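Read the structure below first, then the notes.
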Amino acid sequence: MIKTDILIIGAGPTGLFAVFEAGLLKLKCHLIDALPQPGGQCSEIYPKKPIYDIPAYPEILAGELTEKLLEQSKQFEPGLTLGERAETIEKQSDGTFVVTTNKGTQHCAPVVAIAGGLGSFEPRKPALENIENFEDKGVSYMIKDPEVYRDKRVVIAGGGDSALDWSIFLSAVAKEVTLIHRRTEFRGALDSVDKVQELKNNGVINLITPAEVTGLIGADCLEFIEVTKTDEAPQRIKTDAFIPLFGLSPKLGPIANWGLEIEKNAIKVNNALDYQTNIPGVFAIGDVNTYPGKLKLILCGFHEATLMCQAAYKIINPGKRLVLKYTTVSGIDGFDGTRKEAPKSVVKSIN
Amino acid sequence: MSSDIHIKITDRNGTTHAVEAPTDMALNLMEVVRMYELAPEGTIGVCGGMAMCASCQCYIHSTHDLADKSDDEEAMLSEAFHVKPNSRLGCQIQVFPELEGLEIELAPEE
């Protein structure tokens with residue numbers, strides 16, 4: 001069991017800055033994120049996009065902002081559980097919370113701060129009515145172990161990098177690879193597009209475009225897919241696996257079932273005070289929360305994170321008084337033993 | 001002085017709303033839909049307007065001459081669901097005086 005003071009769900013800008021603010025109050029943080037790297041949307045969706053409304057940065061790339069926040073929080077040594085999605089929350093008899101991920105990792109903390117942004121990023125599923133019946137019975141939305149497809153028939157759908165790359169990779173492993181895309185144009189690295197063209201010319205990859213998978217057929221496991229080319233009658237293709245690769249989209253996910261008050265797909269919080277949710281000890285900060293006048297801006301997330309930490313301090317240290325200290329005056333003592341402070345001036349007479 | 005234009009937006013329940021959109025606020029169609037709350041928060045403009053999700057996909061029903069799709073919009077629409085020949089991403093269409101009388105319908109939520 002991982003133990004910490006503030007368990008932060010979501011390692012985007014708001015979650016990362018919360019680590020820093022908590023550190024100033026000598027509170028330790030641990031971050032959980034469904035993505036394999038910190039930074040949230042900033043690193044997953046638009047690392048190369050410039051942001052113009054971060055105070056004191058006339059322009060900063062989203063990826064750079066993530067790096068700077070990581071650097072700023074590093075001295076407070078946050079723990080990280082990456083690539084796992086926070087699944088359940090349980091309140092213990094001592095008032096602490098246990099949060100368990102989809103991989104079974106358990107975390108315990110007296111304060112939980114949900115900084116989940118738009119939610120966790122999950123594969124986008126094609127709108128096929130019976131697709132859920134075939135999940136793990138032939139249909140998967142990501143490839144964890146390519147060996148599963150050795151000597152099998154595989155159908156991949158999608159037009160981006162992952163569809164191209166996996167088609168190329170699996171063409172050497174699987175018995176048969178069919179790539180289906182709605183358009184004839186693919187969006188990906190030029191190398192991969194050329195490689196798929198070559199494999200198609202050599203008869204290694206069966207390319208069907210412009211077309212869409214319009215049906216899934218099978219008694220228990222997937223046996224056939226039905227593919228429809230634009231303006232043609234549907235045809236059946238025998239297959240062992242169907243892998244739709246349509247990118248990721250954010251979903252609030254399991255957090256929606258935690259008993260929190262949800263409004264407009266966001267978690268309602270008390271903005272007059274400290275961004276606490278209807279569950280005492282559970283806070284929601286950044287894009288994931290809502291209150292009258294809410295703005296989904298990174299800079300607002302920073303403010304919310306700061307006030308949340310003050311409230312967390314009072315929960316963790318009941319009865320203790322807290323006074324605002326300025327880093328300019330007090331410097332910063334990292335949990336890693338580092339100390340940063342302003343250079344001391346001396347009083348010395350000049351003769 | 002710039003004036004408002006009139007747009008008809010059919011929401012995901014099939015109800016058509018006649019709205020006025022200012023042309024001097026650098027708005028796009030996704031933002032107009034959000035401004036009038038014609039789709040629940042979190043189901044439209046999820047990526048913020050970067051053509052990186054298709055939550056603002058709409059069908060253009062009038063014959064207005066719209067700017068061509070950028071590569072980003074083309075790419076996103078090629079991966080989106082419920083796409084029709086008249087599909088566009090609302091976030092990529094700026095509100096200009098020439099769009100007076102525009103009629104659009106929101107595509108189903110994915």
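Ligands are numbered from 1 in the order shown, residues from 1 within each chain, and chains are lettered A, B, ... in the order they appear in the structure tokens.
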For this session: Compute the set of chain B residues within 9 Å of chain A, using only C-alpha atoms, and express it as a list in words.
Result: Pro40, Glu41, Gly42, Thr43, Val46, Cys47, Met50, Met52, Cys53, Ala75, Ser78, Glu79, Ala80, Phe81, His82 and Glu110 of chain B
Residues at most 12 Å from Asn317 in chain A, counting only C-alpha atoms, excluding those fewer than 3 positions away in the same chain, as a short mmCIF file (atom, residue, chain, number, x, y, z; two decimals) with N, CA and C atoms, in the first residue's frame?
```cif
data_model
loop_
_atom_site.label_atom_id
_atom_site.label_comp_id
_atom_site.auth_asym_id
_atom_site.auth_seq_id
_atom_site.Cartn_x
_atom_site.Cartn_y
_atom_site.Cartn_z
N ASP A 5 0.36 11.98 1.93
CA ASP A 5 -0.52 12.97 2.57
C ASP A 5 -1.68 13.34 1.64
N LEU A 25 4.06 23.33 2.35
CA LEU A 25 3.41 23.09 3.65
C LEU A 25 3.90 21.78 4.27
N LYS A 26 4.95 21.23 3.68
CA LYS A 26 5.56 19.97 4.15
C LYS A 26 4.61 18.77 4.03
N LEU A 27 3.74 18.84 3.05
CA LEU A 27 2.84 17.71 2.78
C LEU A 27 3.37 16.95 1.57
N PRO A 110 -5.07 10.67 3.68
CA PRO A 110 -6.17 11.36 4.38
C PRO A 110 -6.90 12.36 3.48
N VAL A 111 -6.22 12.79 2.40
CA VAL A 111 -6.83 13.76 1.49
C VAL A 111 -6.65 13.28 0.05
N CYS A 309 -4.55 22.93 -1.00
CA CYS A 309 -3.45 22.49 -0.12
C CYS A 309 -3.60 23.08 1.28
N GLN A 310 -4.05 24.32 1.37
CA GLN A 310 -4.28 24.93 2.68
C GLN A 310 -5.32 24.14 3.47
N ALA A 311 -6.41 23.76 2.77
CA ALA A 311 -7.47 23.00 3.44
C ALA A 311 -6.98 21.61 3.81
N ALA A 312 -6.16 21.02 2.93
CA ALA A 312 -5.61 19.69 3.22
C ALA A 312 -4.75 19.73 4.47
N TYR A 313 -3.99 20.81 4.62
CA TYR A 313 -3.11 20.96 5.80
C TYR A 313 -3.93 20.89 7.08
N LYS A 314 -5.07 21.57 7.05
CA LYS A 314 -5.91 21.62 8.26
C LYS A 314 -6.52 20.26 8.56
N LYS A 320 -3.78 22.73 14.24
CA LYS A 320 -2.54 23.50 14.05
C LYS A 320 -2.82 24.77 13.29
N ARG A 321 -2.18 25.82 13.69
CA ARG A 321 -2.35 27.09 12.98
C ARG A 321 -1.41 27.12 11.78
N LEU A 322 -1.85 27.81 10.76
CA LEU A 322 -1.05 27.89 9.54
C LEU A 322 -0.93 29.35 9.17
#
```
Exercise. What's the 12 Å shell around Gly337 in chain A, counting only C-alpha atoms, without same-chain residues fewer than 4 positions away, as a list in words?
Worked result: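 The neighbour list is Lys74, Gln75, Phe76, Glu77, Ile332 and Asp333 of chain A.
Counting only C-alpha atoms, Gly14 in chain B has the following residues at most 10 Å away, ignoring those fewer than 5 positions along the same chain: B:Ile9, B:Glu105, B:Leu106.
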For this session: Select from range 16-94 of chain B everything DSSP, run on the backbone, classes as strand (DSSP E or B), then give the selection as a list in words.
Result: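 Written out, the strand (DSSP E or B) residues of range 16-94 of chain B are Thr16, His17, Ala18, Val19, Glu20, Ala21, Pro22, Asn28, Gln57, Cys58, Tyr59, Ile60, Ser87, Arg88, Leu89 and Gln94 of chain B.
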Can you spit out the residues from that selection as a PDB file, in the first residue's frame, using C-alpha atoms?
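The file below, part_16.pdb, is the result:
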```pdb
ATOM      1  CA  THR B  16     -33.925  23.643 -34.066  1.00  0.00           C
ATOM      2  CA  HIS B  17     -32.823  26.854 -32.380  1.00  0.00           C
ATOM      3  CA  ALA B  18     -32.614  30.207 -34.124  1.00  0.00           C
ATOM      4  CA  VAL B  19     -29.711  32.082 -32.560  1.00  0.00           C
ATOM      5  CA  GLU B  20     -27.853  35.295 -33.118  1.00  0.00           C
ATOM      6  CA  ALA B  21     -24.095  35.209 -33.223  1.00  0.00           C
ATOM      7  CA  PRO B  22     -21.850  38.255 -33.012  1.00  0.00           C
ATOM      8  CA  ASN B  28     -16.368  29.750 -34.127  1.00  0.00           C
ATOM      9  CA  GLN B  57     -18.909  17.739 -35.622  1.00  0.00           C
ATOM     10  CA  CYS B  58     -21.897  19.214 -37.418  1.00  0.00           C
ATOM     11  CA  TYR B  59     -23.684  18.794 -40.717  1.00  0.00           C
ATOM     12  CA  ILE B  60     -23.995  21.890 -42.878  1.00  0.00           C
ATOM     13  CA  SER B  87     -19.675  17.092 -42.052  1.00  0.00           C
ATOM     14  CA  ARG B  88     -17.497  19.838 -40.631  1.00  0.00           C
ATOM     15  CA  LEU B  89     -15.883  20.541 -37.289  1.00  0.00           C
ATOM     16  CA  GLN B  94     -15.333  31.155 -37.941  1.00  0.00           C
TER      17      GLN B  94
END
```
Problem set entry | Pick from B:Met76, B:Val33, B:Ala26, B:Ile5, whichever lies nearest to Gly90 in chain B using only C-alpha atoms |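 Of the candidates, the smallest distance to Gly90 in chain B is held by B:Val33.
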For this session: Find the residues near range 171-177 of chain A: any atom within 7 Å, counting only C-alpha atoms, skip ones fewer than 4 places away on the same chain, and give them as an MDAnalysis selection string.
Result: chainID A and resid 149:155 167 204:206
For this session: Within 8 Å of Tyr275 in chain A, counting only C-alpha atoms, which residues show up once you throw out same-chain ones fewer than 2 positions away? Write them as a list in words, please.
Result: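 The residues that qualify are Val269, Asn270, Asn271, Ala272, Leu273, Thr277, Phe283, Ala284, Ile285, Glu304, Leu307 and Met308 of chain A.
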Exercise. Any idea what the distance is between CA of Tyr36 in chain B and CA of Ile54 in chain A?
Worked result: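 One can read the CA of Tyr36 in chain B to CA of Ile54 in chain A distance as 27.8 Å.
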Exercise. Can you list, as a VMD selection string, every residue of range 112-201 of chain A that DSSP puts in alpha helix (DSSP H)?
Worked result: chain A and resid 161 to 171 190 to 201
Problem set entry | Who sits within 10 Å of Lys28 in chain A, only C-alpha atoms, same chain under 2 positions skipped, as a ChimeraX atom specification | /A:3-7,19-20,22-26,30,76-79,109,335
Exercise. So which one's closest to Ser62 in chain B, B:Ser3, B:Glu74, B:Gly49, B:Lys8? Using only C-alpha atoms, please.
Worked result: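 Checking each of B:Ser3, B:Glu74, B:Gly49, B:Lys8 against Ser62 in chain B, counting only C-alpha atoms, the winner is B:Lys8.
A straight line drawn from CA of Asn133 in chain A to CA of Glu147 in chain A is 23.0 Å long.
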